[in-house]
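Visitor: Please see the structure below; I have some questions.
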Amino acid sequence: MRLSYSSLRRRNESAWLVPNGGTGIDDRLRAGMRRFEDDDELDCVIVGCGAGGGTLLQRLARAGWRVAALDAGPFWDPETDWVSDERGSHRLYWTEPRVLAGDDPVPLGSNNSGRGVGGSMVHYAGYVPRFHPSDFATYSNDGVGADWPITYWDLLPYYEAIEEELPVSGQPWPWGHPHEYPFHAQPLGGNGEIFLRGAAAAGVTARVGPVAIANGRFGHRPHCIYRGFCLQGCKVNAKASPLITHVPDALAHGAEVRSDSMVSSIRLGPDGRATGVTYFREGAERFQRARMVVVAGYSIETPRLLLMSAERRFPDGLCNDHDLVGRYVMVQGAPQTAGRFPEEIRMYKAPPPEVTSEDFYETDPHAPYKRGFSIQNVSPLPITYAEHVAAQGHWGEVLREYMRDYVHWATLGALCEFLPLPENRVTLADTADRHGLPVARFSYSQCQNDRDLMKVAQGKMEEILKAAGAEETMTIKRYAHLVGGCRMGRTPEEGVVDADLRSFAVPNLYISDGSVLPTQGAANPALTIMALAARAADGLVAGSRRGLAPGD
Amino acid sequence: MPIRSTRGTTPGGKGRFPGFDVLDEVPRWDEVTAGVVLARLDPFPDHSFFTPEEFATLRALLDVLLGQREEPRVPLARMVDQRLALGETDGWFYEDMPPDGEAWRRTLGFVDLDARTRFGRPFAELAWSDQADLVQAVQDADDYHGLPAGHVWSLWTRYACAAFYSHPWAWNEIGFGGPAYPRGYKAIGVDQRERWERQEVDARDPVPWAERVEQARRIHEHGSTGTG
């Protein structure tokens, strides 16, 4: 499939709406942005402007809807707001208070929690694999997890569309549903070279990609400069995030992005339909009217908002008639194994997303556990790498000596498909945040299948690194990504939303973010979240829900 | 204002990359990043979050955790104090721990209490090896004065590592290239080096040496306290 710029520009002009050959965002586009009044009844108000919200915003604006996205964080300018520095990038994360509980509590606030326009895709590595067809029917196939109300083939045209819009570079993909990418793979740094070398020696198939960075210029977006700070927000505008892949086109088509606006509740009218949202801006609580509300706040904040919106008709939280809101939250087990090489690797150079293997993604019929894991390069910068070393129990002069050896280590990371469990959930804690809103409490405990996968994945990474010539290995157990919490289902007893992301309980309330995923595969979720949003938008724009489209 | 007084400064004068100074590249950094990084070379303000007693304990504790026995030292305690004063936490906290600022205050109190109980003096005034013993005991414990010791250890090391390895002197020590925008990298494969990156001297696998040190440390600590 050849990428056609002209057909792409007819549906999403974003890459040509950032400053030409430069960086940052177009000040004129932002200054000239349409601004609605609170009293304007919007066709749609979207809560959160990340992967799910940003994509939907662009699609609805293109279709002529009067639409605004309210985001709790800033409207970033990569040139002036982001730095090429690990510690200085703390502001990219959602750092409002949250309470962690369970047998295996999952730290938040860094790799899995975004803030501001662009959401977590501002600081994701940039890996954008598709899910496998098997991911949509794990219960039928393996007796674990859940079946989705849609199949891979329902999502396929949207995967292809988003892969062009980001765009994605990578080698032809042999796993799941085999496919190709619009851009050829990136050149590799030392870390990626080691992965390919070790995989070849260990008999493991590995491919370069799939990464949301064009191999070359793309529209007005410059070529990647191999700076290695993908996780600190791409100042170059080379790595895709909704801030540059969907928001510019949305603004050019009359959408508003209202930043620094923390939504505090969804309000219902006497007829049981949503009438808009209350939100805090500059300390004042306001109300934005809208004919339709889309929640896109991700797996912690979306359930929290629904629970905070409890009212007479929904005493246990909006859309929570069947006790599903906040349940089945998933993280991926993401152990990282570093290996020491006599050569200099200097893994801080080149983008951290380089090489992937999905050889172990599917259920192994001979194994005692179900489902699987993928392996990817990760390239921790010094602070993150120090945490890796400290996790081995090293401190003091020993920690320092390991760190002096930094240039010799290459690192792999696994993504293990943890299963959706009802007790892994978001509830409201009895403490309040700066707005007086109850804080989210996130409880997580692993099951035996989860632990088995972590162990096998670690062994496989050690095997690959040793096959590449590693003299030593060390592993840190950690977690990545968040999905679930408002899963989609075929019936109200099975899901909070249906296959079109419309809530069963409130006819003009939708959810468009990672919280709707019933299972997570062993893939990074960003592409699937965007594809689901694009699919839901198609249904809305086509009027599949007559009565919600503008003018009706 | 001079950016630095000496070239290639490393904490305690240690490191494998003599002559490497990440600050040589400052003219090729973007201004926003340069502002953020160079501010770490300015003197950090004196403590404002912690009390003088807490701060003295904090300083000694962080220096032990990062092995800072000699000048020049990265001003870890002032960096952590400033971070907490500004409320720059990660937001989340374990249900069995107080929020970060309160957790720091309480655990620093425990550290000092332990020192006075066992050695009759404040933690900050103890000999280095006695401080290290007390720290090792926390790492080896399950419970620390009613808090889960693993979560206490995680709190301490997260803040300590984030402060130390954000400092350009630490980057000089480990050969890290630092900020890279808009300059980027050209030589990105195995055993490739930019023109300004330095070859290391005295490269050696840290693992065998580390094993010896840590074994000795545990024997010493267990021998002197008799606790597990």
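Convention: chains lettered A, B, ... in structure tokens order; per-chain residue numbering from 1; ligands numbered from 1 as shown.
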Which residues are near Phe176 of chain B? Cut-off 10 Å, only C-alpha atoms, ignore same chain within fewer than 6 positions. Put them as an mmCIF file with C-alpha atoms, in the first residue's frame.
Guide:
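Written file, part.cif:
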data_model
loop_
_atom_site.group_PDB
_atom_site.id
_atom_site.type_symbol
_atom_site.label_atom_id
_atom_site.label_comp_id
_atom_site.auth_asym_id
_atom_site.auth_seq_id
_atom_site.Cartn_x
_atom_site.Cartn_y
_atom_site.Cartn_z
ATOM 1 C CA ARG A 346 25.437 4.197 24.590
ATOM 2 C CA MET A 347 21.730 3.408 24.541
ATOM 3 C CA TYR A 348 20.816 7.043 25.197
ATOM 4 C CA LYS A 349 21.466 7.759 21.525
ATOM 5 C CA LEU A 381 18.127 7.575 30.453
ATOM 6 C CA PRO A 382 20.308 8.003 33.571
ATOM 7 C CA ARG A 404 29.768 4.567 35.684
ATOM 8 C CA TYR A 406 26.191 2.959 31.831
ATOM 9 C CA VAL A 407 27.612 3.099 28.301
ATOM 10 C CA PHE B 17 35.744 9.745 31.287
ATOM 11 C CA PHE B 20 34.685 14.823 29.312
ATOM 12 C CA ASP B 21 32.521 17.805 30.140
ATOM 13 C CA VAL B 22 28.914 17.695 29.031
ATOM 14 C CA TYR B 165 21.436 11.783 38.014
ATOM 15 C CA PRO B 168 25.618 17.551 34.959
ATOM 16 C CA ALA B 170 26.934 12.971 37.393
ATOM 17 C CA GLU B 197 32.218 11.999 23.295
ATOM 18 C CA ARG B 198 35.228 10.617 25.164
#
Visitor: Among segment 333-527 of chain A, which residues does DSSP mark as strand (DSSP E or B) when it is run on the backbone? Keep the chain and numbering as in the structure and answer as a PyMOL selection string.
Guide: chain A and resi 333+336-340+355-357+373-377+409-416+425-432+438-443+472-476+479-485+488+497+502-503+509-511
Visitor: Write down as a list of chain:residue names the residues belonging to segment 22-125 of chain A that are assigned alpha helix (DSSP H) by DSSP computed on the backbone.
Guide: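 Residues of segment 22-125 of chain A classed as alpha helix (DSSP H): A:Asp27, A:Arg28, A:Leu29, A:Arg30, A:Ala31, A:Ala51, A:Gly52, A:Gly53, A:Gly54, A:Thr55, A:Leu56, A:Leu57, A:Gln58, A:Arg59, A:Leu60, A:Ala61, A:Arg62, A:Pro78, A:Glu79, A:Thr80, A:Asp81.
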Visitor: Counting only C-alpha atoms, which residues from chain B have an atom at most 6 Å from any atom of chain A, and could you show them as a ChimeraX atom specification?
Guide: /B:33,64-67,90-95,162,165-166,174,179-180,184-185,188-191,206,210
Visitor: Give me a file of those residues, with C-alpha atoms, as an mmCIF file, in the first residue's frame.
Guide:
data_model
loop_
_atom_site.group_PDB
_atom_site.id
_atom_site.type_symbol
_atom_site.label_atom_id
_atom_site.label_comp_id
_atom_site.auth_asym_id
_atom_site.auth_seq_id
_atom_site.Cartn_x
_atom_site.Cartn_y
_atom_site.Cartn_z
ATOM 1 C CA THR B 33 16.707 23.139 28.161
ATOM 2 C CA VAL B 64 25.254 7.685 52.159
ATOM 3 C CA LEU B 65 22.669 6.420 49.644
ATOM 4 C CA LEU B 66 24.698 7.881 46.755
ATOM 5 C CA GLY B 67 28.150 7.223 48.199
ATOM 6 C CA ASP B 90 4.654 12.096 41.506
ATOM 7 C CA GLY B 91 1.224 12.525 43.096
ATOM 8 C CA TRP B 92 0.552 8.897 43.922
ATOM 9 C CA PHE B 93 1.321 7.320 47.245
ATOM 10 C CA TYR B 94 0.907 3.826 48.624
ATOM 11 C CA GLU B 95 -2.147 3.316 50.787
ATOM 12 C CA ALA B 162 16.319 11.583 40.477
ATOM 13 C CA TYR B 165 21.436 11.783 38.014
ATOM 14 C CA SER B 166 19.838 15.059 36.961
ATOM 15 C CA ILE B 174 29.086 8.263 33.521
ATOM 16 C CA PRO B 179 20.636 17.383 26.314
ATOM 17 C CA ALA B 180 20.698 16.756 22.573
ATOM 18 C CA GLY B 184 20.938 15.362 17.810
ATOM 19 C CA TYR B 185 23.248 12.383 17.257
ATOM 20 C CA ILE B 188 24.435 5.925 16.852
ATOM 21 C CA GLY B 189 25.608 2.293 16.514
ATOM 22 C CA VAL B 190 27.602 -0.093 18.722
ATOM 23 C CA ASP B 191 31.071 1.272 19.530
ATOM 24 C CA PRO B 206 31.105 -3.719 37.884
ATOM 25 C CA ALA B 210 29.889 -5.077 43.572
#
Visitor: With distances taken over only C-alpha atoms, which residue among B:Arg195, B:Arg106, B:Arg69, B:Arg16 lies nearest Leu147 of chain B?
Guide: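 So, comparing all the options, the nearest one is B:Arg106.
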